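The file work-v4.pdb contains PDB, C-alpha atoms, pLDDT in the B column:
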```
ATOM      1  CA  MET A  22       0.000   0.000   0.000  1.00 72.00           C
ATOM      2  CA  VAL A  23       1.176   3.521  -0.811  1.00 82.00           C
ATOM      3  CA  GLU A  24       0.896   5.511   2.400  1.00 79.00           C
ATOM      4  CA  ALA A  25       0.604   8.843   0.561  1.00 84.00           C
ATOM      5  CA  VAL A  26      -2.827   7.952  -0.841  1.00 91.00           C
ATOM      6  CA  GLN A  27      -4.393   5.852   1.922  1.00 91.00           C
ATOM      7  CA  ASP A  28      -7.655   7.495   3.043  1.00 93.00           C
ATOM      8  CA  ALA A  29      -7.089  10.284   0.513  1.00 97.00           C
ATOM      9  CA  SER A  30      -9.975  12.004  -1.258  1.00 98.00           C
ATOM     10  CA  VAL A  31      -9.358  11.526  -4.977  1.00 98.00           C
ATOM     11  CA  VAL A  32     -11.005  12.801  -8.166  1.00 98.00           C
ATOM     12  CA  VAL A  33     -10.288  11.112 -11.499  1.00 98.00           C
ATOM     13  CA  THR A  34     -11.687  12.747 -14.623  1.00 98.00           C
ATOM     14  CA  GLY A  35     -12.366  10.821 -17.801  1.00 97.00           C
ATOM     15  CA  ALA A  36     -12.559   7.699 -15.663  1.00 98.00           C
ATOM     16  CA  GLY A  37     -15.330   5.843 -17.472  1.00 97.00           C
ATOM     17  CA  GLY A  38     -12.737   3.700 -19.223  1.00 97.00           C
ATOM     18  CA  GLY A  39      -9.129   3.440 -20.316  1.00 96.00           C
ATOM     19  CA  ILE A  40      -6.407   5.084 -18.245  1.00 97.00           C
ATOM     20  CA  GLY A  41      -8.886   6.954 -16.058  1.00 97.00           C
ATOM     21  CA  ALA A  42     -10.699   3.788 -15.017  1.00 98.00           C
ATOM     22  CA  ALA A  43      -7.357   2.100 -14.282  1.00 98.00           C
ATOM     23  CA  LEU A  44      -6.312   5.035 -12.103  1.00 98.00           C
ATOM     24  CA  ALA A  45      -9.637   5.017 -10.250  1.00 98.00           C
ATOM     25  CA  ARG A  46      -9.363   1.271  -9.591  1.00 98.00           C
ATOM     26  CA  ARG A  47      -5.809   1.579  -8.319  1.00 98.00           C
ATOM     27  CA  PHE A  48      -6.542   4.505  -5.999  1.00 98.00           C
ATOM     28  CA  ALA A  49      -9.521   2.619  -4.569  1.00 98.00           C
ATOM     29  CA  ALA A  50      -7.411  -0.519  -4.101  1.00 97.00           C
ATOM     30  CA  GLU A  51      -4.882   1.601  -2.188  1.00 96.00           C
ATOM     31  CA  GLY A  52      -7.570   2.715   0.257  1.00 97.00           C
ATOM     32  CA  ALA A  53      -8.541   6.075  -1.213  1.00 97.00           C
ATOM     33  CA  ARG A  54     -12.066   7.457  -1.527  1.00 97.00           C
ATOM     34  CA  VAL A  55     -12.625   8.082  -5.224  1.00 98.00           C
ATOM     35  CA  VAL A  56     -14.899  10.287  -7.292  1.00 98.00           C
ATOM     36  CA  VAL A  57     -15.273   8.872 -10.796  1.00 98.00           C
ATOM     37  CA  ASN A  58     -15.963  11.532 -13.404  1.00 98.00           C
ATOM     38  CA  ASP A  59     -16.864  11.053 -17.052  1.00 97.00           C
ATOM     39  CA  LEU A  60     -19.049  12.781 -19.618  1.00 96.00           C
ATOM     40  CA  ASP A  61     -20.847   9.442 -20.003  1.00 97.00           C
ATOM     41  CA  ALA A  62     -22.893   9.106 -16.813  1.00 98.00           C
ATOM     42  CA  GLY A  63     -23.485   5.382 -17.339  1.00 98.00           C
ATOM     43  CA  ARG A  64     -19.794   4.605 -17.663  1.00 98.00           C
ATOM     44  CA  ALA A  65     -18.931   6.743 -14.649  1.00 98.00           C
ATOM     45  CA  LYS A  66     -21.528   4.928 -12.538  1.00 98.00           C
ATOM     46  CA  ALA A  67     -20.348   1.498 -13.682  1.00 98.00           C
ATOM     47  CA  VAL A  68     -16.754   2.170 -12.606  1.00 98.00           C
ATOM     48  CA  ALA A  69     -17.857   3.861  -9.368  1.00 98.00           C
ATOM     49  CA  ASP A  70     -20.097   0.911  -8.468  1.00 98.00           C
ATOM     50  CA  GLU A  71     -17.261  -1.511  -9.209  1.00 98.00           C
ATOM     51  CA  ILE A  72     -14.758   0.205  -6.889  1.00 98.00           C
ATOM     52  CA  GLY A  73     -17.108   1.520  -4.202  1.00 98.00           C
ATOM     53  CA  GLY A  74     -16.596   5.084  -5.398  1.00 98.00           C
ATOM     54  CA  ILE A  75     -18.879   8.017  -6.156  1.00 98.00           C
ATOM     55  CA  ALA A  76     -19.957   8.893  -9.687  1.00 98.00           C
ATOM     56  CA  VAL A  77     -19.932  12.595 -10.536  1.00 98.00           C
ATOM     57  CA  PRO A  78     -20.595  12.778 -14.286  1.00 97.00           C
ATOM     58  CA  GLY A  79     -20.265  15.886 -16.421  1.00 96.00           C
ATOM     59  CA  ASP A  80     -17.729  18.255 -17.898  1.00 93.00           C
ATOM     60  CA  ALA A  81     -14.426  17.832 -16.057  1.00 93.00           C
ATOM     61  CA  SER A  82     -14.033  21.618 -15.955  1.00 86.00           C
ATOM     62  CA  ALA A  83     -17.152  22.095 -13.864  1.00 93.00           C
ATOM     63  CA  ILE A  84     -17.319  19.316 -11.282  1.00 95.00           C
ATOM     64  CA  ILE A  85     -14.844  20.408  -8.585  1.00 96.00           C
ATOM     65  CA  SER A  86     -17.457  21.781  -6.180  1.00 96.00           C
ATOM     66  CA  GLU A  87     -19.723  18.760  -6.521  1.00 97.00           C
ATOM     67  CA  ALA A  88     -16.790  16.362  -6.197  1.00 97.00           C
ATOM     68  CA  ARG A  89     -15.462  18.158  -3.134  1.00 97.00           C
ATOM     69  CA  GLU A  90     -18.881  17.998  -1.475  1.00 97.00           C
ATOM     70  CA  ALA A  91     -19.218  14.283  -2.341  1.00 97.00           C
ATOM     71  CA  LEU A  92     -15.859  13.641  -0.676  1.00 97.00           C
ATOM     72  CA  GLY A  93     -16.779  15.414   2.542  1.00 96.00           C
ATOM     73  CA  GLY A  94     -15.325  18.826   1.806  1.00 96.00           C
ATOM     74  CA  THR A  95     -11.785  18.159   0.604  1.00 96.00           C
ATOM     75  CA  VAL A  96      -9.952  16.940  -2.493  1.00 98.00           C
ATOM     76  CA  ASP A  97      -6.481  15.623  -1.729  1.00 98.00           C
ATOM     77  CA  VAL A  98      -5.611  14.264  -5.180  1.00 98.00           C
ATOM     78  CA  TYR A  99      -6.902  15.474  -8.520  1.00 98.00           C
ATOM     79  CA  CYS A 100      -6.218  13.426 -11.641  1.00 98.00           C
ATOM     80  CA  ALA A 101      -6.672  15.603 -14.736  1.00 98.00           C
ATOM     81  CA  ASN A 102      -7.073  12.620 -17.028  1.00 97.00           C
ATOM     82  CA  ALA A 103      -9.890  13.586 -19.413  1.00 96.00           C
ATOM     83  CA  GLY A 104      -8.438  14.298 -22.825  1.00 95.00           C
ATOM     84  CA  LEU A 105      -9.235  14.673 -26.488  1.00 92.00           C
ATOM     85  CA  ALA A 106      -7.159  13.096 -29.271  1.00 91.00           C
ATOM     86  CA  SER A 107      -7.754  15.643 -32.026  1.00 92.00           C
ATOM     87  CA  GLY A 108      -6.104  14.834 -35.331  1.00 92.00           C
ATOM     88  CA  GLY A 109      -5.511  17.138 -38.255  1.00 94.00           C
ATOM     89  CA  SER A 110      -3.063  19.765 -39.424  1.00 95.00           C
ATOM     90  CA  GLU A 111      -2.901  23.553 -39.411  1.00 96.00           C
ATOM     91  CA  ALA A 112      -5.921  23.324 -41.699  1.00 96.00           C
ATOM     92  CA  ALA A 113      -8.121  21.781 -39.018  1.00 96.00           C
ATOM     93  CA  ASP A 114     -11.189  23.872 -38.290  1.00 97.00           C
ATOM     94  CA  GLU A 115     -10.711  26.440 -35.546  1.00 97.00           C
ATOM     95  CA  SER A 116     -13.481  24.755 -33.571  1.00 98.00           C
ATOM     96  CA  VAL A 117     -11.318  21.599 -33.441  1.00 97.00           C
ATOM     97  CA  TRP A 118      -8.360  23.595 -32.148  1.00 98.00           C
ATOM     98  CA  ALA A 119     -10.536  25.413 -29.621  1.00 98.00           C
ATOM     99  CA  LEU A 120     -12.061  22.219 -28.232  1.00 97.00           C
ATOM    100  CA  ALA A 121      -8.659  20.517 -27.975  1.00 97.00           C
ATOM    101  CA  TRP A 122      -7.296  23.538 -26.122  1.00 97.00           C
ATOM    102  CA  ASP A 123     -10.304  23.642 -23.806  1.00 97.00           C
ATOM    103  CA  VAL A 124     -10.238  19.948 -22.877  1.00 97.00           C
ATOM    104  CA  ASN A 125      -6.499  19.259 -22.883  1.00 97.00           C
ATOM    105  CA  VAL A 126      -5.271  22.479 -21.271  1.00 98.00           C
ATOM    106  CA  MET A 127      -7.923  24.795 -19.904  1.00 97.00           C
ATOM    107  CA  ALA A 128      -9.729  22.053 -17.969  1.00 97.00           C
ATOM    108  CA  HIS A 129      -6.465  21.582 -16.041  1.00 98.00           C
ATOM    109  CA  VAL A 130      -6.129  25.322 -15.487  1.00 98.00           C
ATOM    110  CA  ARG A 131      -9.702  25.607 -14.214  1.00 97.00           C
ATOM    111  CA  ALA A 132      -9.253  22.671 -11.852  1.00 97.00           C
ATOM    112  CA  ALA A 133      -6.038  24.116 -10.443  1.00 98.00           C
ATOM    113  CA  HIS A 134      -7.726  27.491  -9.984  1.00 97.00           C
ATOM    114  CA  GLU A 135     -10.346  25.808  -7.786  1.00 97.00           C
ATOM    115  CA  LEU A 136      -7.963  23.512  -5.894  1.00 98.00           C
ATOM    116  CA  ILE A 137      -4.710  25.394  -5.316  1.00 98.00           C
ATOM    117  CA  PRO A 138      -5.950  27.947  -2.735  1.00 98.00           C
ATOM    118  CA  ASP A 139      -7.160  25.202  -0.397  1.00 97.00           C
ATOM    119  CA  TRP A 140      -4.020  23.138  -0.936  1.00 98.00           C
ATOM    120  CA  LEU A 141      -1.782  26.103  -0.145  1.00 98.00           C
ATOM    121  CA  GLU A 142      -3.770  26.814   3.008  1.00 98.00           C
ATOM    122  CA  ARG A 143      -3.427  23.172   4.092  1.00 97.00           C
ATOM    123  CA  GLY A 144       0.144  22.816   2.874  1.00 98.00           C
ATOM    124  CA  SER A 145      -0.640  19.684   0.861  1.00 97.00           C
ATOM    125  CA  GLY A 146      -2.288  18.502  -2.350  1.00 98.00           C
ATOM    126  CA  ARG A 147      -1.489  16.383  -5.384  1.00 98.00           C
ATOM    127  CA  PHE A 148      -2.205  17.221  -9.039  1.00 98.00           C
ATOM    128  CA  VAL A 149      -1.819  14.365 -11.542  1.00 98.00           C
ATOM    129  CA  SER A 150      -1.836  15.367 -15.203  1.00 98.00           C
ATOM    130  CA  THR A 151      -2.291  12.675 -17.848  1.00 97.00           C
ATOM    131  CA  VAL A 152      -0.329  14.284 -20.650  1.00 97.00           C
ATOM    132  CA  SER A 153       1.146  11.937 -23.301  1.00 96.00           C
ATOM    133  CA  ALA A 154       4.556  11.337 -24.813  1.00 96.00           C
ATOM    134  CA  ALA A 155       3.225  13.729 -27.469  1.00 95.00           C
ATOM    135  CA  GLY A 156       3.584  16.465 -24.856  1.00 97.00           C
ATOM    136  CA  LEU A 157       7.324  15.813 -24.692  1.00 97.00           C
ATOM    137  CA  LEU A 158       7.846  14.853 -28.323  1.00 95.00           C
ATOM    138  CA  THR A 159       5.042  15.218 -30.904  1.00 94.00           C
ATOM    139  CA  MET A 160       2.646  13.035 -32.894  1.00 94.00           C
ATOM    140  CA  ILE A 161       2.403  12.832 -36.660  1.00 90.00           C
ATOM    141  CA  GLY A 162      -0.988  13.625 -38.165  1.00 93.00           C
ATOM    142  CA  ALA A 163      -2.288  15.328 -35.025  1.00 94.00           C
ATOM    143  CA  ALA A 164      -1.328  18.979 -34.724  1.00 96.00           C
ATOM    144  CA  PRO A 165      -4.118  20.022 -32.293  1.00 97.00           C
ATOM    145  CA  TYR A 166      -3.368  17.048 -30.037  1.00 96.00           C
ATOM    146  CA  SER A 167       0.405  17.553 -30.083  1.00 97.00           C
ATOM    147  CA  VAL A 168       0.264  21.296 -29.485  1.00 98.00           C
ATOM    148  CA  THR A 169      -2.245  21.123 -26.633  1.00 98.00           C
ATOM    149  CA  LYS A 170      -0.452  18.220 -24.961  1.00 98.00           C
ATOM    150  CA  HIS A 171       2.701  20.335 -24.998  1.00 98.00           C
ATOM    151  CA  GLY A 172       0.572  22.948 -23.260  1.00 98.00           C
ATOM    152  CA  ALA A 173      -0.683  20.455 -20.678  1.00 98.00           C
ATOM    153  CA  TYR A 174       2.884  19.407 -19.902  1.00 98.00           C
ATOM    154  CA  ALA A 175       4.024  23.021 -19.615  1.00 98.00           C
ATOM    155  CA  PHE A 176       1.202  23.809 -17.185  1.00 98.00           C
ATOM    156  CA  ALA A 177       2.001  20.786 -15.001  1.00 98.00           C
ATOM    157  CA  GLU A 178       5.661  21.814 -14.992  1.00 98.00           C
ATOM    158  CA  TRP A 179       4.713  25.356 -14.035  1.00 98.00           C
ATOM    159  CA  LEU A 180       2.520  24.156 -11.169  1.00 98.00           C
ATOM    160  CA  SER A 181       5.357  22.031  -9.825  1.00 98.00           C
ATOM    161  CA  LEU A 182       8.062  24.684  -9.948  1.00 98.00           C
ATOM    162  CA  THR A 183       5.724  27.302  -8.485  1.00 98.00           C
ATOM    163  CA  TYR A 184       4.182  25.420  -5.574  1.00 98.00           C
ATOM    164  CA  ARG A 185       6.362  22.433  -4.654  1.00 98.00           C
ATOM    165  CA  HIS A 186       7.933  24.281  -1.705  1.00 98.00           C
ATOM    166  CA  ARG A 187       4.407  24.863  -0.365  1.00 98.00           C
ATOM    167  CA  GLY A 188       3.429  21.196  -0.256  1.00 98.00           C
ATOM    168  CA  VAL A 189       1.815  20.727  -3.677  1.00 98.00           C
ATOM    169  CA  LYS A 190       2.939  17.577  -5.481  1.00 98.00           C
ATOM    170  CA  VAL A 191       2.576  17.394  -9.258  1.00 98.00           C
ATOM    171  CA  HIS A 192       2.985  14.397 -11.559  1.00 98.00           C
ATOM    172  CA  ALA A 193       2.926  14.440 -15.380  1.00 98.00           C
ATOM    173  CA  ILE A 194       2.170  11.024 -16.918  1.00 98.00           C
ATOM    174  CA  CYS A 195       3.538  10.761 -20.464  1.00 97.00           C
ATOM    175  CA  PRO A 196       2.852   7.355 -22.033  1.00 96.00           C
ATOM    176  CA  GLN A 197       3.077   6.467 -25.697  1.00 93.00           C
ATOM    177  CA  GLY A 198       0.446   4.029 -26.980  1.00 89.00           C
ATOM    178  CA  VAL A 199      -2.034   2.648 -24.461  1.00 91.00           C
ATOM    179  CA  ARG A 200      -4.683   0.109 -25.456  1.00 88.00           C
ATOM    180  CA  THR A 201      -7.733   2.327 -25.096  1.00 84.00           C
ATOM    181  CA  ASP A 202     -10.508   3.715 -27.293  1.00 79.00           C
ATOM    182  CA  MET A 203      -8.276   6.738 -27.907  1.00 77.00           C
ATOM    183  CA  LEU A 204      -5.593   4.532 -29.488  1.00 70.00           C
ATOM    184  CA  THR A 205      -8.208   2.909 -31.709  1.00 73.00           C
ATOM    185  CA  ALA A 206      -9.437   6.348 -32.772  1.00 72.00           C
ATOM    186  CA  SER A 207      -5.923   7.483 -33.716  1.00 68.00           C
ATOM    187  CA  GLY A 208      -6.232   5.565 -36.991  1.00 77.00           C
ATOM    188  CA  SER A 209      -3.365   4.729 -39.288  1.00 80.00           C
ATOM    189  CA  ALA A 210      -0.911   7.123 -37.601  1.00 79.00           C
ATOM    190  CA  GLY A 211      -1.509   5.463 -34.254  1.00 72.00           C
ATOM    191  CA  GLU A 212      -1.238   2.044 -35.835  1.00 81.00           C
ATOM    192  CA  LEU A 213       2.174   2.938 -37.257  1.00 79.00           C
ATOM    193  CA  VAL A 214       3.661   4.843 -34.328  1.00 77.00           C
ATOM    194  CA  LEU A 215       1.889   3.692 -31.166  1.00 81.00           C
ATOM    195  CA  GLN A 216       0.429   0.229 -31.619  1.00 81.00           C
ATOM    196  CA  PRO A 217       3.730  -1.734 -31.763  1.00 87.00           C
ATOM    197  CA  THR A 218       4.700  -0.787 -28.201  1.00 88.00           C
ATOM    198  CA  ALA A 219       1.219  -0.215 -26.736  1.00 91.00           C
ATOM    199  CA  ILE A 220       0.714  -1.123 -23.088  1.00 93.00           C
ATOM    200  CA  GLU A 221      -2.352  -1.713 -20.916  1.00 95.00           C
ATOM    201  CA  PRO A 222      -4.036   1.054 -18.885  1.00 96.00           C
ATOM    202  CA  GLN A 223      -3.096  -0.796 -15.691  1.00 97.00           C
ATOM    203  CA  ASP A 224       0.576  -0.404 -16.646  1.00 97.00           C
ATOM    204  CA  VAL A 225       0.083   3.366 -16.627  1.00 97.00           C
ATOM    205  CA  ALA A 226      -1.488   3.221 -13.156  1.00 98.00           C
ATOM    206  CA  ASP A 227       1.412   1.089 -11.925  1.00 97.00           C
ATOM    207  CA  ALA A 228       3.904   3.614 -13.297  1.00 98.00           C
ATOM    208  CA  LEU A 229       2.103   6.475 -11.566  1.00 98.00           C
ATOM    209  CA  PHE A 230       2.129   4.760  -8.206  1.00 97.00           C
ATOM    210  CA  LYS A 231       5.803   3.965  -8.514  1.00 97.00           C
ATOM    211  CA  GLY A 232       6.358   7.633  -9.291  1.00 97.00           C
ATOM    212  CA  ILE A 233       4.317   8.689  -6.261  1.00 97.00           C
ATOM    213  CA  GLU A 234       6.411   6.429  -4.032  1.00 96.00           C
ATOM    214  CA  GLU A 235       9.609   7.903  -5.501  1.00 97.00           C
ATOM    215  CA  ASP A 236       8.232  11.476  -5.462  1.00 96.00           C
ATOM    216  CA  ARG A 237       8.913  11.988  -9.186  1.00 98.00           C
ATOM    217  CA  PHE A 238       7.339  14.652 -11.375  1.00 98.00           C
ATOM    218  CA  LEU A 239       7.799  12.984 -14.762  1.00 98.00           C
ATOM    219  CA  ILE A 240       6.166   9.557 -15.109  1.00 98.00           C
ATOM    220  CA  LEU A 241       7.239   7.552 -18.179  1.00 98.00           C
ATOM    221  CA  PRO A 242       5.324   4.272 -18.539  1.00 97.00           C
ATOM    222  CA  HIS A 243       7.445   3.732 -21.689  1.00 97.00           C
ATOM    223  CA  PRO A 244      11.004   4.247 -20.345  1.00 96.00           C
ATOM    224  CA  GLU A 245      12.420   4.661 -23.860  1.00 96.00           C
ATOM    225  CA  VAL A 246      10.649   8.026 -24.083  1.00 97.00           C
ATOM    226  CA  ALA A 247      13.402   9.454 -21.853  1.00 97.00           C
ATOM    227  CA  GLU A 248      15.968   8.621 -24.549  1.00 96.00           C
ATOM    228  CA  TYR A 249      13.816  10.185 -27.277  1.00 96.00           C
ATOM    229  CA  TYR A 250      13.324  13.301 -25.164  1.00 97.00           C
ATOM    230  CA  GLN A 251      17.055  13.622 -24.540  1.00 97.00           C
ATOM    231  CA  ALA A 252      17.804  13.159 -28.246  1.00 96.00           C
ATOM    232  CA  ARG A 253      15.221  15.794 -29.166  1.00 96.00           C
ATOM    233  CA  ALA A 254      16.821  18.306 -26.792  1.00 97.00           C
ATOM    234  CA  ALA A 255      20.420  17.497 -27.683  1.00 98.00           C
ATOM    235  CA  GLU A 256      20.082  17.340 -31.472  1.00 97.00           C
ATOM    236  CA  PRO A 257      16.744  18.802 -32.548  1.00 97.00           C
ATOM    237  CA  ASP A 258      17.495  18.849 -36.271  1.00 97.00           C
ATOM    238  CA  ARG A 259      18.532  15.217 -36.269  1.00 97.00           C
ATOM    239  CA  TRP A 260      15.414  14.331 -34.300  1.00 95.00           C
ATOM    240  CA  LEU A 261      13.201  16.302 -36.699  1.00 97.00           C
ATOM    241  CA  ARG A 262      14.756  14.546 -39.680  1.00 97.00           C
ATOM    242  CA  GLY A 263      13.919  11.211 -38.062  1.00 95.00           C
ATOM    243  CA  MET A 264      10.349  12.284 -37.387  1.00 95.00           C
ATOM    244  CA  ASN A 265      10.021  13.546 -40.932  1.00 96.00           C
ATOM    245  CA  ARG A 266      11.075  10.102 -42.206  1.00 95.00           C
ATOM    246  CA  LEU A 267       8.264   8.679 -40.094  1.00 93.00           C
ATOM    247  CA  GLN A 268       5.865  11.251 -41.564  1.00 95.00           C
ATOM    248  CA  ARG A 269       6.858  10.236 -45.106  1.00 95.00           C
ATOM    249  CA  GLN A 270       6.483   6.573 -44.228  1.00 92.00           C
ATOM    250  CA  TRP A 271       2.952   7.273 -42.998  1.00 92.00           C
ATOM    251  CA  GLU A 272       2.095   9.303 -46.090  1.00 93.00           C
ATOM    252  CA  GLU A 273       3.310   6.500 -48.347  1.00 90.00           C
ATOM    253  CA  ALA A 274       1.319   3.887 -46.406  1.00 87.00           C
ATOM    254  CA  THR A 275      -1.896   5.890 -46.510  1.00 85.00           C
ATOM    255  CA  ALA A 276      -1.494   6.650 -50.244  1.00 80.00           C
ATOM    256  CA  ARG A 277      -1.628   2.966 -51.203  1.00 69.00           C
TER     257      ARG A 277
END
```

Exercise: express the given structure as structure tokens:
Amino acid sequence: MVEAVQDASVVVTGAGGGIGAALARRFAAEGARVVVNDLDAGRAKAVADEIGGIAVPGDASAIISEAREALGGTVDVYCANAGLASGGSEAADESVWALAWDVNVMAHVRAAHELIPDWLERGSGRFVSTVSAAGLLTMIGAAPYSVTKHGAYAFAEWLSLTYRHRGVKVHAICPQGVRTDMLTASGSAGELVLQPTAIEPQDVADALFKGIEEDRFLILPHPEVAEYYQARAAEPDRWLRGMNRLQRQWEEATAR
């Protein structure tokens, strides 16, 4: 059992399936009291019933007050897991860009705005951001997703450097492919880039809890991402050439 989360009040957004459901199950198994949030009320209730949690369906940006009340007045851990895998290029409609920005970045900002004052007053709190390896690297065929996941990572990093000395813990989870509906929806690009090394949602939860025990900010369920990230920083042009080869490979495959 991880002592840091025993008896904690936890909110997991986007927890009707995939990574969110795996996180909710793991927190409950570790003795936490869990609010399960999802836009799909039926899926949220199913997971909540399974783990003995509380379903609070709805937009992740607007459920903090209800979740806090359901948990008896406090939220100790907030998992900003709800996300949107928006594909497309610079030509994607502005509504696509706006929705990706709202879900993948601004929902985190709004949650932090509600939670941080109480956490600073108490001197403790934990913000878990499900980002993506795309937030450290990038993803072919998905400009809105890549750009907003970079934003989500930057916000998590900012929270950590700003408030860590005041008791706020922040974790950024950055997996590559995970066998979820989102991976299925990523289409041929996901099949080429993510599917070969895809892991299970439970593997992501395991990586998070190891990171909590070790008090680490950056959680990499695919350890090789650290090497890619280092290569990107050290030799960006070489890294971009490699990614462009991948882009051309994808274009050739989809043109057949």

*Extract, using all atoms listed in the file, all DNA, RNA and protein residues at most 6 Å from stretch 63-65 of chain A, discarding same-chain residues fewer than 6 positions from it, and format them as a list in words.*
Gly37, Val57 and Ala76 of chain A

*So which residues touch A:Glu212 within 12 Å, counting all atoms listed in the file, skipping near sequence neighbours fewer than 3 positions away, as a ChimeraX atom specification?*
/A:161-162,197-200,203-209,215-219,271,274-275

*Applied to the shown file, which residues does the PyMOL selection byres ((chain A and resi 169) around 9) return, written as a PyMOL selection string?*
chain A and resi 118+121-126+156+164-168+170-174

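As for atom CA of A:Met127 and atom CA of A:Ser82, they are spaced 7.9 Å apart.
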
*What lies within 12 Å of A:Tyr249 using all atoms listed in the file, ignoring chain neighbours under 3 positions off, as JSON, numbers by chain?*
{"A": [154, 155, 157, 158, 159, 197, 241, 243, 244, 245, 246, 252, 253, 254, 255, 256, 257, 259, 260, 261, 263, 264]}

Filtering to C-alpha atoms, could you give me those residues as an mmCIF file, keeping the file's coordinate frame?
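The file below, part_1.cif, is the result:
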```cif
data_model
loop_
_atom_site.group_PDB
_atom_site.id
_atom_site.type_symbol
_atom_site.label_atom_id
_atom_site.label_comp_id
_atom_site.auth_asym_id
_atom_site.auth_seq_id
_atom_site.Cartn_x
_atom_site.Cartn_y
_atom_site.Cartn_z
ATOM 1 C CA ALA A 154 4.556 11.337 -24.813
ATOM 2 C CA ALA A 155 3.225 13.729 -27.469
ATOM 3 C CA LEU A 157 7.324 15.813 -24.692
ATOM 4 C CA LEU A 158 7.846 14.853 -28.323
ATOM 5 C CA THR A 159 5.042 15.218 -30.904
ATOM 6 C CA GLN A 197 3.077 6.467 -25.697
ATOM 7 C CA LEU A 241 7.239 7.552 -18.179
ATOM 8 C CA HIS A 243 7.445 3.732 -21.689
ATOM 9 C CA PRO A 244 11.004 4.247 -20.345
ATOM 10 C CA GLU A 245 12.420 4.661 -23.860
ATOM 11 C CA VAL A 246 10.649 8.026 -24.083
ATOM 12 C CA ALA A 252 17.804 13.159 -28.246
ATOM 13 C CA ARG A 253 15.221 15.794 -29.166
ATOM 14 C CA ALA A 254 16.821 18.306 -26.792
ATOM 15 C CA ALA A 255 20.420 17.497 -27.683
ATOM 16 C CA GLU A 256 20.082 17.340 -31.472
ATOM 17 C CA PRO A 257 16.744 18.802 -32.548
ATOM 18 C CA ARG A 259 18.532 15.217 -36.269
ATOM 19 C CA TRP A 260 15.414 14.331 -34.300
ATOM 20 C CA LEU A 261 13.201 16.302 -36.699
ATOM 21 C CA GLY A 263 13.919 11.211 -38.062
ATOM 22 C CA MET A 264 10.349 12.284 -37.387
#
```

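Using only C-alpha atoms for every distance, the candidate list A:Ser153, A:Gly146, A:Gly74, A:Asp224 yields A:Gly146 as the residue closest to A:Tyr184.
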
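Reported to one decimal place, the separation of atom CA of A:Val56 from atom CA of A:Trp179 is 25.6 Å.
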
*Got a sec to resolve the PyMOL selection byres ((chain A and resi 133) around 10) on this structure and send the residues as JSON, numbers by chain?*
{"A": [85, 99, 101, 127, 128, 129, 130, 131, 132, 134, 135, 136, 137, 138, 140, 148, 176, 177, 180]}

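If you apply the PyMOL selection byres ((chain A and resi 186-194) around 6) to this structure, you end up with Gly144, Ser145, Gly146, Arg147, Phe148, Val149, Ser150, Thr151, Val152, Ser181, Tyr184, Arg185, Cys195, Phe238, Leu239 and Ile240 of chain A.
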
*Pick from A:Ala81, A:Ala45, A:Met22, A:Leu229: nearest to A:Asp61, with only C-alpha atoms counted?*
A:Ala81

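Separating atom CA of A:Pro222 from atom CA of A:Ala25 is a distance of 21.5 Å.
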
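When only C-alpha atoms are used to measure the gap to A:Ile84, the shortest distance among A:Ala50, A:Leu60, A:Leu120, A:Gly41 belongs to A:Leu60.
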
What would stretch 77-87 of chain A look like with N, CA and C atoms restored, written as a PDB file, keeping the file's coordinate frame?
```pdb
ATOM      1  N   VAL A  77     -19.581  11.189 -10.321  1.00 98.00           N
ATOM      2  CA  VAL A  77     -19.932  12.595 -10.536  1.00 98.00           C
ATOM      3  C   VAL A  77     -19.731  12.869 -12.023  1.00 98.00           C
ATOM      4  N   PRO A  78     -20.736  12.588 -12.838  1.00 97.00           N
ATOM      5  CA  PRO A  78     -20.595  12.778 -14.286  1.00 97.00           C
ATOM      6  C   PRO A  78     -20.638  14.245 -14.669  1.00 97.00           C
ATOM      7  N   GLY A  79     -20.190  14.527 -15.901  1.00 96.00           N
ATOM      8  CA  GLY A  79     -20.265  15.886 -16.421  1.00 96.00           C
ATOM      9  C   GLY A  79     -18.938  16.368 -16.944  1.00 96.00           C
ATOM     10  N   ASP A  80     -18.930  17.611 -17.371  1.00 93.00           N
ATOM     11  CA  ASP A  80     -17.729  18.255 -17.898  1.00 93.00           C
ATOM     12  C   ASP A  80     -16.684  18.347 -16.793  1.00 93.00           C
ATOM     13  N   ALA A  81     -15.486  17.841 -17.068  1.00 93.00           N
ATOM     14  CA  ALA A  81     -14.426  17.832 -16.057  1.00 93.00           C
ATOM     15  C   ALA A  81     -14.091  19.228 -15.545  1.00 93.00           C
ATOM     16  N   SER A  82     -14.343  20.248 -16.359  1.00 86.00           N
ATOM     17  CA  SER A  82     -14.033  21.618 -15.955  1.00 86.00           C
ATOM     18  C   SER A  82     -14.972  22.163 -14.890  1.00 86.00           C
ATOM     19  N   ALA A  83     -16.108  21.483 -14.682  1.00 93.00           N
ATOM     20  CA  ALA A  83     -17.152  22.095 -13.864  1.00 93.00           C
ATOM     21  C   ALA A  83     -17.627  21.229 -12.705  1.00 93.00           C
ATOM     22  N   ILE A  84     -16.822  20.254 -12.302  1.00 95.00           N
ATOM     23  CA  ILE A  84     -17.319  19.316 -11.282  1.00 95.00           C
ATOM     24  C   ILE A  84     -16.564  19.406  -9.949  1.00 95.00           C
ATOM     25  N   ILE A  85     -15.652  20.358  -9.798  1.00 96.00           N
ATOM     26  CA  ILE A  85     -14.844  20.408  -8.585  1.00 96.00           C
ATOM     27  C   ILE A  85     -15.708  20.587  -7.345  1.00 96.00           C
ATOM     28  N   SER A  86     -16.629  21.521  -7.370  1.00 96.00           N
ATOM     29  CA  SER A  86     -17.457  21.781  -6.180  1.00 96.00           C
ATOM     30  C   SER A  86     -18.279  20.563  -5.799  1.00 96.00           C
ATOM     31  N   GLU A  87     -18.908  19.943  -6.799  1.00 97.00           N
ATOM     32  CA  GLU A  87     -19.723  18.760  -6.521  1.00 97.00           C
ATOM     33  C   GLU A  87     -18.862  17.606  -6.019  1.00 97.00           C
TER      34      GLU A  87
END
```
